Structures are given as C-alpha cells and as structure tokens.
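The structure file structure_37.txt is reproduced below (compact mmCIF, C-alpha atoms).
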```txt
# COMPACT_ATOMS: atom_id res chain seq x y z
CA MET A 59 -154.19 -44.17 111.10
CA HIS A 60 -156.87 -45.02 108.56
CA SER A 61 -158.16 -48.62 108.54
CA SER A 62 -160.38 -50.58 106.19
CA VAL A 63 -161.65 -54.10 105.65
CA TYR A 64 -161.33 -55.82 102.27
CA CYS A 65 -164.63 -57.10 100.89
CA LEU A 66 -165.08 -59.60 98.06
CA PRO A 67 -167.82 -59.38 95.41
CA ALA A 68 -169.83 -62.16 97.06
CA ASP A 69 -169.99 -60.11 100.28
CA LEU A 70 -171.78 -57.23 98.58
CA LEU A 71 -173.85 -59.44 96.28
CA GLY A 72 -175.02 -61.72 99.08
CA GLU A 73 -175.31 -59.48 102.14
CA GLY A 74 -175.93 -56.12 100.49
CA ALA A 75 -173.83 -53.00 100.78
CA ASP A 76 -175.84 -51.47 103.63
CA ARG A 77 -175.36 -54.49 105.87
CA VAL A 78 -171.68 -54.98 105.01
CA VAL A 79 -170.69 -51.33 105.48
CA ARG A 80 -172.62 -50.98 108.74
CA THR A 81 -171.24 -54.26 110.13
CA VAL A 82 -167.68 -53.30 109.25
CA ARG A 83 -168.05 -49.90 110.88
CA ASP A 84 -169.91 -50.99 114.01
CA ARG A 85 -168.31 -54.35 114.72
CA ALA A 86 -164.74 -53.87 113.46
CA GLY A 87 -164.53 -50.17 114.28
CA VAL A 88 -162.73 -49.26 111.05
CA SER A 89 -163.27 -46.15 108.97
CA GLY A 90 -163.27 -47.71 105.51
CA VAL A 91 -164.22 -50.58 103.22
CA THR A 92 -162.22 -51.82 100.25
CA VAL A 93 -164.46 -53.25 97.54
CA ALA A 94 -163.32 -55.71 94.85
CA ALA A 95 -164.35 -53.89 91.68
CA CYS A 96 -162.32 -56.01 89.20
CA TYR A 97 -161.56 -59.54 90.32
CA HIS A 98 -160.40 -62.95 89.19
CA ALA A 99 -162.40 -66.18 89.31
CA THR A 100 -163.08 -67.46 92.83
CA ARG A 101 -164.56 -70.30 94.80
CA ASP A 102 -164.78 -69.53 98.51
CA ILE A 103 -166.54 -70.61 101.68
CA TYR A 104 -168.57 -67.85 103.36
CA PRO A 105 -169.48 -68.55 106.99
CA HIS A 106 -171.99 -65.70 107.48
CA ASN A 107 -173.28 -64.87 104.00
CA PRO A 108 -177.08 -65.32 103.76
CA ALA A 109 -176.98 -66.03 100.01
CA TYR A 110 -173.99 -68.38 99.74
CA ARG A 111 -172.09 -70.91 101.79
CA VAL A 112 -169.85 -71.82 98.87
CA ALA A 113 -169.73 -69.23 96.10
CA SER A 114 -168.08 -69.72 92.71
CA LEU A 115 -167.94 -66.40 90.91
CA ALA A 116 -166.86 -65.67 87.35
CA PRO A 117 -164.04 -63.17 86.77
CA GLY A 118 -164.51 -59.64 85.55
CA ALA A 119 -165.73 -56.21 86.56
CA PHE A 120 -168.30 -55.71 89.29
CA TYR A 121 -168.86 -52.06 88.45
CA ALA A 122 -170.54 -50.26 85.54
CA VAL A 123 -167.79 -50.26 82.92
CA ASP A 124 -167.85 -47.25 80.61
CA PRO A 125 -167.29 -48.78 77.13
CA SER A 126 -166.00 -45.49 75.76
CA ALA A 127 -163.27 -45.34 78.41
CA CYS A 128 -161.36 -48.30 76.98
CA PRO A 129 -161.75 -48.62 73.20
CA GLY A 130 -158.47 -50.52 72.68
CA PRO A 131 -157.94 -54.26 72.08
CA LEU A 132 -158.10 -54.91 75.83
CA ARG A 133 -161.08 -53.84 77.84
CA PRO A 134 -162.70 -54.90 81.12
CA ALA A 135 -165.49 -57.45 80.78
CA VAL A 136 -168.35 -57.29 83.25
CA SER A 137 -168.53 -60.48 85.32
CA PRO A 138 -171.61 -62.62 84.60
CA SER A 139 -171.79 -63.14 88.36
CA ALA A 140 -172.49 -59.44 88.90
CA GLY A 141 -176.07 -59.94 87.72
CA GLY A 142 -176.21 -56.42 86.35
CA ARG A 143 -175.34 -54.86 89.70
CA ASP A 144 -172.72 -52.20 90.33
CA ILE A 145 -171.44 -53.16 93.76
CA LEU A 146 -168.90 -50.33 93.86
CA ALA A 147 -171.68 -47.76 93.41
CA GLU A 148 -173.80 -49.59 95.99
CA ALA A 149 -170.96 -49.43 98.51
CA CYS A 150 -170.37 -45.73 97.85
CA ARG A 151 -174.07 -44.95 98.40
CA ALA A 152 -174.21 -46.99 101.60
CA ALA A 153 -170.95 -45.61 103.01
CA ALA A 154 -171.48 -41.87 102.46
CA PRO A 155 -174.13 -41.23 105.16
CA LEU A 156 -172.16 -43.34 107.64
CA GLY A 157 -168.90 -41.44 107.15
CA VAL A 158 -167.12 -44.56 105.85
CA GLN A 159 -164.49 -44.19 103.13
CA VAL A 160 -164.65 -46.51 100.12
CA SER A 161 -161.61 -47.79 98.24
CA ALA A 162 -161.80 -49.76 95.00
CA TRP A 163 -159.73 -52.93 94.65
CA ALA A 164 -158.75 -53.95 91.12
CA VAL A 165 -156.88 -57.05 89.94
CA LEU A 166 -155.37 -55.65 86.75
CA LEU A 167 -152.93 -57.91 84.86
CA HIS A 168 -154.38 -61.25 85.97
CA ARG A 169 -157.36 -61.82 83.65
CA ASP A 170 -158.92 -65.28 83.94
CA ASP A 171 -161.36 -64.44 81.16
CA LEU A 172 -158.65 -64.06 78.45
CA ASP A 173 -157.09 -66.82 76.36
CA ASP A 174 -153.63 -66.96 74.83
CA ARG A 175 -154.79 -65.06 71.72
CA ALA A 176 -155.41 -61.86 73.68
CA ALA A 177 -153.24 -58.83 73.06
CA GLY A 178 -150.32 -58.36 75.42
CA VAL A 179 -150.16 -61.76 77.13
CA GLN A 180 -146.83 -62.94 78.53
CA GLU A 181 -144.70 -65.25 76.38
CA ASN A 182 -141.73 -67.32 77.53
CA CYS A 183 -138.44 -68.18 75.79
CA PHE A 184 -140.06 -71.14 73.98
CA GLY A 185 -142.84 -68.94 72.60
CA ASP A 186 -145.45 -70.42 74.98
CA ARG A 187 -148.12 -67.83 75.69
CA PHE A 188 -149.75 -67.53 79.13
CA PRO A 189 -153.53 -67.03 79.03
CA GLY A 190 -154.74 -64.26 81.28
CA ARG A 191 -151.30 -62.96 82.31
CA LEU A 192 -150.87 -59.57 80.76
CA CYS A 193 -147.36 -58.20 80.18
CA PRO A 194 -146.71 -54.74 81.66
CA ALA A 195 -144.31 -53.94 78.80
CA SER A 196 -147.06 -54.15 76.15
CA PRO A 197 -148.42 -50.78 74.93
CA ALA A 198 -151.91 -52.32 74.75
CA VAL A 199 -151.65 -53.38 78.39
CA ARG A 200 -150.41 -49.97 79.47
CA TYR A 201 -153.34 -48.34 77.67
CA TYR A 202 -155.71 -50.80 79.35
CA VAL A 203 -154.32 -50.16 82.85
CA LEU A 204 -154.61 -46.40 82.50
CA ALA A 205 -158.12 -46.66 81.05
CA VAL A 206 -159.35 -48.88 83.90
CA THR A 207 -157.70 -46.58 86.43
CA ARG A 208 -159.47 -43.53 85.04
CA ASP A 209 -162.77 -45.40 84.75
CA LEU A 210 -162.71 -46.49 88.40
CA CYS A 211 -161.60 -43.07 89.62
CA ARG A 212 -164.85 -41.47 88.42
CA TYR A 213 -166.45 -43.09 91.50
CA PRO A 214 -166.28 -41.22 94.85
CA ILE A 215 -163.46 -43.38 96.19
CA ALA A 216 -160.55 -42.45 98.44
CA ALA A 217 -158.06 -44.94 97.00
CA LEU A 218 -157.58 -47.46 94.23
CA ARG A 219 -155.77 -50.58 95.45
CA ALA A 220 -154.04 -52.13 92.45
CA GLU A 221 -153.31 -55.84 92.62
CA ALA A 222 -151.27 -57.76 89.99
CA LEU A 223 -149.81 -54.57 88.52
CA HIS A 224 -146.60 -56.45 87.68
CA TYR A 225 -145.28 -59.58 85.97
CA GLN A 226 -146.52 -63.05 86.97
CA GLY A 227 -144.55 -66.28 86.93
CA ALA A 228 -145.16 -69.80 85.66
CA ALA A 229 -146.52 -70.96 89.01
CA HIS A 230 -149.16 -68.23 89.28
CA GLY A 231 -152.66 -69.70 89.62
CA HIS A 232 -154.63 -70.49 86.48
CA HIS A 233 -156.71 -73.67 86.39
CA HIS A 234 -155.81 -77.23 87.46
CA GLU A 235 -152.08 -76.70 86.97
CA ARG A 236 -149.79 -79.72 87.14
CA CYS A 237 -146.03 -79.99 87.57
CA LEU A 238 -145.16 -83.42 88.90
CA GLU A 239 -141.38 -83.15 88.67
CA ASP A 240 -139.36 -80.92 90.99
CA TYR A 241 -137.24 -78.93 88.55
CA GLY A 242 -136.01 -76.37 91.05
CA GLU A 243 -136.66 -72.69 91.71
CA ILE A 244 -134.48 -71.28 88.92
CA THR A 245 -136.09 -73.53 86.32
CA ARG A 246 -139.58 -72.50 87.42
CA PHE A 247 -138.53 -68.87 87.31
CA LEU A 248 -137.06 -69.04 83.82
CA LEU A 249 -140.02 -70.99 82.49
CA GLY A 250 -142.30 -68.06 83.33
CA LEU A 251 -139.90 -65.26 82.35
CA CYS A 252 -141.53 -63.11 79.66
CA PHE A 253 -139.71 -62.73 76.34
CA CYS A 254 -142.49 -61.10 74.34
CA ARG A 255 -141.45 -58.57 71.70
CA TRP A 256 -142.21 -55.68 74.02
CA CYS A 257 -140.01 -57.06 76.80
CA ALA A 258 -137.31 -57.73 74.21
CA GLY A 259 -137.50 -54.14 73.04
CA GLN A 260 -137.22 -52.79 76.56
CA ALA A 261 -134.23 -55.03 77.34
CA ALA A 262 -132.46 -54.09 74.11
CA GLY A 263 -132.40 -50.55 75.50
CA HIS A 264 -130.42 -51.96 78.44
CA ASP A 265 -127.79 -53.40 76.04
CA VAL A 266 -129.05 -56.98 76.31
CA ASP A 267 -128.65 -59.35 73.36
CA VAL A 268 -132.15 -60.72 73.86
CA PRO A 269 -132.11 -63.49 71.19
CA ALA A 270 -128.87 -64.85 72.64
CA LEU A 271 -130.23 -64.70 76.19
CA ALA A 272 -133.46 -66.44 75.18
CA ALA A 273 -131.45 -69.16 73.41
CA ARG A 274 -129.34 -69.75 76.53
CA CYS A 275 -132.50 -69.98 78.62
CA ARG A 276 -133.98 -72.54 76.20
CA ASP A 277 -130.78 -74.60 76.22
CA TYR A 278 -130.62 -74.52 80.00
CA LEU A 279 -134.27 -75.51 80.46
CA THR A 280 -134.00 -78.28 77.88
CA GLY A 281 -131.07 -79.72 79.80
CA VAL A 282 -132.94 -79.61 83.11
CA PHE A 283 -136.02 -81.21 81.55
CA ASP A 284 -133.77 -83.99 80.30
CA SER A 285 -131.76 -84.81 83.41
CA ALA A 286 -129.52 -81.93 84.51
CA PRO A 287 -129.88 -80.49 88.04
CA ASP A 288 -131.01 -76.94 88.66
CA ALA A 289 -128.16 -74.41 88.60
CA PRO A 290 -127.01 -72.70 91.81
CA SER A 291 -127.59 -69.20 90.37
CA LEU A 292 -129.30 -67.37 87.53
CA THR A 293 -125.95 -66.20 86.15
CA GLU A 294 -124.70 -69.77 85.90
CA ALA A 295 -127.95 -70.82 84.28
CA CYS A 296 -128.13 -68.24 81.51
CA GLY A 297 -125.23 -65.78 81.61
CA PRO A 298 -124.40 -62.43 83.22
CA ASP A 299 -126.74 -60.28 81.12
CA ILE A 300 -129.75 -61.79 82.90
CA GLY A 301 -129.20 -59.07 85.50
CA SER A 302 -129.68 -56.33 82.92
CA TYR A 303 -132.76 -58.12 81.58
CA LEU A 304 -134.30 -58.19 85.05
CA ALA A 305 -133.43 -54.51 85.57
CA ALA A 306 -135.36 -53.69 82.40
CA ARG A 307 -138.39 -55.57 83.74
CA THR A 308 -138.25 -53.68 87.03
CA ALA A 309 -138.05 -50.36 85.19
CA THR A 310 -141.10 -51.40 83.14
CA VAL A 311 -143.22 -52.16 86.20
CA THR A 312 -142.07 -49.00 87.98
CA ALA A 313 -142.93 -46.83 84.97
CA LEU A 314 -146.37 -48.41 84.52
CA ALA A 315 -147.23 -48.11 88.21
CA GLY A 316 -146.03 -44.51 88.24
CA ALA A 317 -148.19 -43.67 85.23
CA ALA A 318 -151.24 -45.30 86.82
CA ALA A 319 -150.61 -43.47 90.09
CA GLU A 320 -150.43 -40.17 88.21
CA ALA A 321 -153.67 -40.92 86.33
CA ALA A 322 -155.40 -41.61 89.65
CA ARG A 323 -153.86 -38.53 91.24
CA GLN A 324 -155.27 -36.33 88.50
CA ALA A 325 -158.70 -37.63 89.46
CA GLY A 326 -158.09 -36.90 93.14
CA VAL A 327 -157.58 -40.57 94.07
CA ARG A 328 -154.53 -42.23 95.60
CA LEU A 329 -153.35 -45.39 93.87
CA THR A 330 -151.81 -48.03 96.11
CA LEU A 331 -149.82 -50.92 94.66
CA LEU A 332 -150.22 -54.25 96.44
CA ASP A 333 -146.81 -55.92 96.71
CA GLU A 334 -147.44 -59.67 96.65
CA THR A 335 -143.94 -60.75 97.72
CA VAL A 336 -145.05 -61.92 101.18
CA PRO A 337 -148.22 -63.74 100.01
CA MET A 338 -146.20 -65.59 97.37
CA GLN A 339 -144.18 -67.16 100.17
CA ALA A 340 -146.50 -67.27 103.16
CA TYR A 341 -150.15 -67.18 102.01
CA ALA A 342 -151.01 -70.78 102.88
CA THR A 343 -149.29 -71.06 106.25
CA GLY A 344 -148.33 -67.63 107.56
CA HIS A 345 -144.68 -68.73 107.53
CA GLY A 346 -141.77 -68.69 105.11
CA PHE A 347 -141.20 -65.05 104.14
CA ASP A 348 -137.55 -64.30 103.40
CA PRO A 349 -136.82 -60.81 102.01
CA HIS A 350 -133.54 -62.10 100.60
CA ARG A 351 -135.18 -64.58 98.21
CA GLU A 352 -134.38 -62.44 95.21
CA LEU A 353 -136.10 -64.72 92.67
CA VAL A 354 -139.48 -64.09 94.27
CA ARG A 355 -139.16 -60.34 93.88
CA ALA A 356 -137.58 -60.72 90.43
CA GLU A 357 -140.56 -62.78 89.30
CA LEU A 358 -142.83 -59.82 90.02
CA ALA A 359 -140.22 -57.18 89.04
CA VAL A 360 -141.34 -55.13 92.04
CA ASP A 361 -138.69 -52.85 93.59
CA PRO A 362 -140.17 -51.10 96.65
CA ARG A 363 -137.52 -48.38 96.72
CA ALA A 364 -137.89 -47.52 93.03
CA LEU A 365 -141.68 -47.52 93.25
CA SER A 366 -141.68 -45.24 96.27
CA GLN A 367 -139.29 -42.84 94.56
CA ALA A 368 -141.67 -42.83 91.56
CA GLY A 369 -144.47 -41.61 93.83
CA VAL A 370 -146.28 -44.95 94.16
CA HIS A 371 -147.87 -45.71 97.54
CA LEU A 372 -147.06 -49.31 98.57
CA GLU A 373 -149.28 -51.70 100.48
CA GLU A 374 -147.75 -54.85 101.94
CA PRO A 375 -150.01 -57.81 102.77
CA LEU A 376 -148.13 -59.08 105.82
CA TYR A 377 -149.70 -62.53 105.91
CA LEU A 378 -147.48 -63.73 108.73
CA ALA A 379 -148.41 -65.67 111.84
CA GLU A 380 -145.63 -64.56 114.18
CA PRO A 381 -145.29 -60.98 115.41
CA ALA A 382 -141.51 -61.40 115.23
CA ASP A 383 -141.74 -62.17 111.50
CA THR A 384 -144.07 -59.20 111.03
CA ALA A 385 -141.54 -56.96 112.79
CA ALA A 386 -138.73 -58.27 110.58
CA ALA A 387 -140.76 -57.65 107.41
CA LEU A 388 -141.70 -54.13 108.49
CA THR A 389 -138.08 -53.35 109.35
CA TRP A 390 -136.98 -54.57 105.91
CA TYR A 391 -139.61 -52.53 104.06
CA ARG A 392 -138.87 -49.40 106.06
CA ALA A 393 -135.17 -49.81 105.19
CA GLN A 394 -136.13 -49.87 101.50
CA LEU A 395 -138.55 -46.94 101.60
CA GLY A 396 -137.09 -44.67 104.25
CA PRO A 397 -138.73 -43.58 107.49
CA GLY A 398 -141.26 -41.13 106.08
CA ALA A 399 -142.50 -42.77 102.87
CA PRO A 400 -146.15 -43.86 102.76
CA LEU A 401 -146.60 -47.53 103.65
CA SER A 402 -149.84 -49.42 104.16
CA VAL A 403 -150.11 -52.95 105.52
CA VAL A 404 -152.76 -55.67 105.39
CA LEU A 405 -153.25 -58.18 108.20
CA ARG A 406 -155.44 -61.28 108.34
CA PRO A 407 -157.57 -61.32 111.51
CA GLY A 408 -158.03 -65.11 111.43
CA PRO A 409 -156.21 -68.33 110.50
CA PRO A 410 -153.52 -69.07 109.57
CA ASP A 411 -152.08 -65.77 110.80
CA THR A 412 -154.18 -64.94 113.85
CA THR A 413 -155.14 -67.45 116.53
CA THR A 414 -155.59 -64.99 119.40
CA PRO A 415 -156.74 -61.36 119.54
CA ALA A 416 -153.50 -60.53 121.36
CA SER A 417 -151.31 -61.55 118.42
CA LEU A 418 -153.33 -59.39 116.01
CA ALA A 419 -153.12 -56.46 118.43
CA GLU A 420 -149.35 -56.92 118.68
CA LYS A 421 -148.95 -56.87 114.90
CA ALA A 422 -151.19 -53.81 114.63
CA GLN A 423 -149.02 -52.04 117.20
CA LEU A 424 -145.93 -52.97 115.17
CA ALA A 425 -147.48 -51.31 112.12
CA ARG A 426 -148.07 -48.13 114.12
CA SER A 427 -144.53 -48.17 115.51
CA HIS A 428 -143.14 -48.42 111.96
CA ASN A 429 -145.04 -45.28 110.92
CA CYS A 430 -147.48 -47.07 108.63
CA THR A 431 -150.09 -44.82 107.11
CA GLU A 432 -152.88 -47.39 106.83
CA LEU A 433 -153.79 -50.61 108.61
CA ASN A 434 -156.15 -52.78 106.56
CA PHE A 435 -157.64 -56.23 107.06
CA TYR A 436 -158.38 -59.13 104.68
CA ALA A 437 -161.12 -60.29 104.25
CA TYR A 438 -164.63 -59.65 105.56
CA GLY A 439 -166.62 -62.63 104.26
CA LEU A 440 -163.99 -65.36 104.53
CA TYR A 441 -163.85 -65.33 108.33
CA ARG A 442 -166.40 -65.76 111.10
CA LEU A 443 -167.83 -62.48 112.32
CA GLN A 444 -165.82 -62.80 115.54
CA SER A 445 -162.76 -61.81 113.51
CA LEU A 446 -164.25 -58.31 113.23
CA THR A 447 -164.23 -58.11 117.01
CA HIS A 448 -160.53 -59.04 116.95
CA ILE A 449 -159.97 -56.09 114.60
CA ARG A 450 -161.74 -53.67 116.95
CA ARG A 451 -159.57 -54.83 119.85
CA ALA A 452 -156.42 -54.38 117.75
CA LEU A 453 -157.18 -50.76 116.82
CA PRO A 454 -156.13 -47.93 119.10
CA THR A 455 -158.84 -46.48 121.33
CA PRO A 456 -160.20 -43.24 119.80
```
Whole structure given in structure tokens:
Amino acid sequence: MHSSVYCLPADLLGEGADRVVRTVRDRAGVSGVTVAACYHATRDIYPHNPAYRVASLAPGAFYAVDPSACPGPLRPAVSPSAGGRDILAEACRAAAPLGVQVSAWAVLLHRDDLDDRAAGVQENCFGDRFPGRLCPASPAVRYYVLAVTRDLCRYPIAALRAEALHYQGAAHGHHHERCLEDYGEITRFLLGLCFCRWCAGQAAGHDVDVPALAARCRDYLTGVFDSAPDAPSLTEACGPDIGSYLAARTATVTALAGAAAEAARQAGVRLTLLDETVPMQAYATGHGFDPHRELVRAELAVDPRALSQAGVHLEEPLYLAEPADTAAALTWYRAQLGPGAPLSVVLRPGPPDTTTPASLAEKAQLARSHNCTELNFYAYGLYRLQSLTHIRRALPTP
C-alpha cells in the first residue's frame, strides 16, 4: 500500500524540499510526499519550521503557471508568498534520487483571491454572489479546472489530489464570517444553495421549474429570518422538486470530476478527488461524523458511488479520533463503492485524532483490512516531528 505525507507550502518554503522529502522518507517511512501546489489563504503554527513559527500565506499557485495553458476568464494566480519559487518542481527534483513519489495537491473551486465579480462564482436564490466559491456548473469554471489539471500534470507527479472540486455551502470559510442567530441546518443549507444561470440550466434538464423553486426558497428563508422555525425536511421547506434539483447538482460534480480525471489520465497521472464530508463534520474535534446526514453530502453534491462509476479515484480524509468510528466510516464507504474500487484514506497522526501511536496503528490496520489502495497522512509541518515516528510505527513492516 502506497503512503504519503501531505506538505503545505510553508513546509517547502521554510525547510526546503531536500530536508522535507528526506525527513518524510527516513522518519515516517513513507514512499511519497503530497505537495500543495494550489492553495487557499492560511495562517498556521509550525513547531519545527526554521523560517516560521506562525506563517500567514497568501492564496494562489506555488508552481510555475503556464499562462498559455489557461487563457480563459479564470486562471490561476501565483501566490505572492511563493517568492518566485516553484515548490512543486523543487519537490520533484529532491524526491527523484531518493525514490520518493510526488503528488500535487490542488484546491480548485475555493479561490480566496477572487471577488464576487469573477466569472462563475456561486449565487444563491436572493442573487447574493459568493466571492471565491466557483460553481462547477459554469463553463468557465469547467474550462479552468481542466486547464489547471493539464498544467499540473506536465510535472513528473504520480497523482493529482483535487480538493474543493464540488459545490461549497454558506458556512464554508471565507473571512471573519458572522451568523449570530441559530437559523437551523436547512436554512443554512438553502442560503448557500447555488441558483446561478448555469445551475438553473442544468436543473431545467431534470424537469425542474427553477424560478418557482427559487421563489419558494426565498419565501421560506424570509419566513425563518422573520420568526418561523426551521422546517423538519427540505421537501417541507421548498417543495418536492428540490430532490431533482439536488440530483442535477450531483450529476454536474460527477461529470466535472470525471472530465478532470480523464484529462489527468491522458497525461499519465491519476486524479484523486478529496471527499470533504468527514472533515465538514469532524475536523475540529475528531467526532461527529454521521454518514446519514444527507444535507452535508448534498451541500457538496458528492456521490461516492456515482464518482467511482465515472472512473474517479476517491480519497476520504478520515479525521476521526476513535478507531470504531473509523471502522464505521470505512464500512460505509466500501458499501458505496464496492469491494474492489480504488479508495484512499487520510489520517491525522496527532491531535485531535491521535493521542497514542497505538490508536493510529489500529486505524491504519483498518484501512488495510478494507482494501484501501493508499494510506496518507496530514500534515507534515503542523505537528511535532514525533508524529512522523507514529506514522512509521503504524505502517506495516517491509
């Protein structure tokens, strides 16, 4: 089973690719590194980085973007924090003589550097536009995703790990968000539901009267903002055709991911889609994942079974503290995908998920017993170096 460690831009910028790749190989015992080549804005604490203790990095690309590869209205912008460096190329050069595989990690439809005037941003039923949240139904966004995929696949990488290749909801991180009233889960969901003209066009093909649905959503939300309680179900909130609308969204994400996977495949690279369903529920604490919370998956429009059938390799960040919860999540995903479909997982080797090496080893063994194809770990620079030793102990003995 192949294993890698996720590395953030600050890791490569501060420690250097040679040191990071060698430390990951020698101390963690893994065979790969996953490098953040396109990333959102960050502010993180780095316990062993010689250049930073707290690093605040601007969003953007940390590789040498080919301007001719993406001539459309959307294109990757190089991060000012990159300082002119191509950390993906640096990692590839450092890894090759050591026999370490490099994967590129790209955050695609979450663009902190875009405002609400950008092409293809999501738009809710009130016409509010969401800066930096690109809609997968937009032709400009599809063109952008495929262009970035091809641009990254010119590097000697084994895989492209695609994050945020789906819809994003109203609660998704932006900048100093505030919501002081508790309006309920359905209200939050509907407030972030995209009704841009491209989503409307896709849903019309599923026999949805989109203007009528949007009007019902506005009426419902207006009532809740006034004084009404949150409805017990989406159907009661906005009518039965909401199901068809959500099915259109899922088909949109599946088609886009399938097209990106094919573009990568033509370049000899495997594209892996990061399914953020578990992190949306359990990132902060390692607890709270419920596969039956349909609104969480509907917010992303990610259907594991449909994606797998479309030839998309799935990677599940299982950010869960208890091995029993990890086992339940793996059982659920295997039931969706079937016993032989490719499935990668990501574990966190430190808090809040891992307090003892034994618990990490138990979760790693669960991944092997569920026929997972890759076992990856997040993230190199955010934990003390002792976490790399935990990883080595969790891997099977060669």
Note to self: So, with only C-alpha atoms as the atoms that count, which of A:Val179, A:Val123, A:Val158, A:Ala289 lies closest to A:Cys254?
What the structure shows: A:Val179
Residues of stretch 149-267 of chain A at most 9 Å from stretch 125-138 of chain A: nearest atom pair and distance in Å, only C-alpha atoms, as a Markdown table:
```
| residue | atom | partner | partner_atom | distance |
| --- | --- | --- | --- | --- |
| A:Asp171 | CA | A:Ala135 | CA | 8.1 |
| A:Ala176 | CA | A:Leu132 | CA | 7.8 |
| A:Ala177 | CA | A:Pro131 | CA | 6.6 |
| A:Gly178 | CA | A:Leu132 | CA | 8.5 |
| A:Ala198 | CA | A:Leu132 | CA | 6.8 |
| A:Val199 | CA | A:Leu132 | CA | 7.1 |
| A:Tyr201 | CA | A:Gly130 | CA | 7.5 |
| A:Tyr202 | CA | A:Leu132 | CA | 5.9 |
| A:Leu204 | CA | A:Cys128 | CA | 8.9 |
| A:Ala205 | CA | A:Cys128 | CA | 5.5 |
| A:Val206 | CA | A:Cys128 | CA | 7.2 |
| A:Arg208 | CA | A:Ala127 | CA | 7.9 |
| A:Asp209 | CA | A:Ala127 | CA | 6.4 |
```
If we count all atoms listed in the file and set the cut-off at 7 Å, which residues sit around A:Val370, ignoring sequence neighbours fewer than 5 positions away in its own chain? Please answer as a PDB file with C-alpha atoms, in the frame of the given file.
```pdb
ATOM      1  CA  ALA A 315    -147.230 -48.110  88.210  1.00  0.00           C
ATOM      2  CA  GLY A 316    -146.030 -44.510  88.240  1.00  0.00           C
ATOM      3  CA  ALA A 319    -150.610 -43.470  90.090  1.00  0.00           C
ATOM      4  CA  THR A 330    -151.810 -48.030  96.110  1.00  0.00           C
ATOM      5  CA  LEU A 331    -149.820 -50.920  94.660  1.00  0.00           C
ATOM      6  CA  LEU A 365    -141.680 -47.520  93.250  1.00  0.00           C
TER       7      LEU A 365
END
```
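Candidate residues A:Val266, A:Ala419, A:Ala86, A:Ala318 were compared for distance to A:Pro194, and the nearest is A:Ala318, using only C-alpha atoms.
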Notebook entry, point to check: Which of these residues is nearest to A:Leu238, using all atoms listed in the file: A:Phe253, A:Phe283, A:Thr100, A:Ala222?
Noted result: A:Phe283
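Considering only C-alpha atoms, the residue among A:Leu192, A:Val268, A:Val88, A:Cys275 positioned nearest to A:Leu249 is A:Cys275.
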Note to self: I need the residue nearest A:Tyr441 from this list: A:Gly90, A:Pro105, A:Gly259, A:Gly242. Use all atoms listed in the file for the distance.
What the structure shows: A:Pro105
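Once all atoms listed in the file are considered, the residues situated within 10 Å of the file point (-157.1, -63.8, 111.2) turn out to be Tyr377, Leu378, Ala379, Leu405, Arg406, Pro407, Gly408, Pro409, Pro410, Asp411, Thr412, Thr413, Thr414, Pro415, Ser417, Leu418, Phe435, Tyr436, Ala437, Leu440, Tyr441, Arg442, Gln444, Ser445, Leu446, His448 and Ile449 of chain A.
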Checklist line | Test item: residues at most 12 Å from A:Arg219, all atoms listed in the file, excluding those fewer than 6 positions along its chain, as a PyMOL selection string | finding: chain A and resi 62+64+91-97+160-166+207+210-211+315+318-319+322+327-333+370-375+402-404+434
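Going from atom CA of A:Gly141 over to atom CA of A:Ala216, you cover 25.7 Å.
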Item checked: Atom pair atom CA of A:Cys252 / atom CA of A:Cys183: separation (Å) -> 7.1 Å
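The closest residue to A:Ala359, picked from A:Thr280, A:Ser291, A:Thr335, A:Ser139 and counting only C-alpha atoms, is A:Thr335.
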Check: Leaving out A:Arg77 and any residue of its chain fewer than 6 positions from it, which residues lie within 12 Å of it when counting only C-alpha atoms, given as an NGL selection string?
Finding: :A and (69-71 or 83-85 or 106-108 or 148-149 or 152-153 or 156 or 438)
Check: By how many Å are atom CA of A:Gln226 and atom CA of A:Cys193 apart?
Finding: 8.4 Å
Selection near stretch 431-433 of chain A, 6 Å with all atoms listed in the file, sequence-local residues under 3 positions removed, as an mmCIF file with C-alpha atoms, keeping the file's coordinate frame:
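Writing done, so here's part-v8.cif:
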```
data_model
loop_
_atom_site.group_PDB
_atom_site.id
_atom_site.type_symbol
_atom_site.label_atom_id
_atom_site.label_comp_id
_atom_site.auth_asym_id
_atom_site.auth_seq_id
_atom_site.Cartn_x
_atom_site.Cartn_y
_atom_site.Cartn_z
ATOM 1 C CA MET A 59 -154.190 -44.170 111.100
ATOM 2 C CA HIS A 60 -156.870 -45.020 108.560
ATOM 3 C CA SER A 61 -158.160 -48.620 108.540
ATOM 4 C CA PRO A 400 -146.150 -43.860 102.760
ATOM 5 C CA LEU A 401 -146.600 -47.530 103.650
ATOM 6 C CA SER A 402 -149.840 -49.420 104.160
ATOM 7 C CA VAL A 403 -150.110 -52.950 105.520
#
```
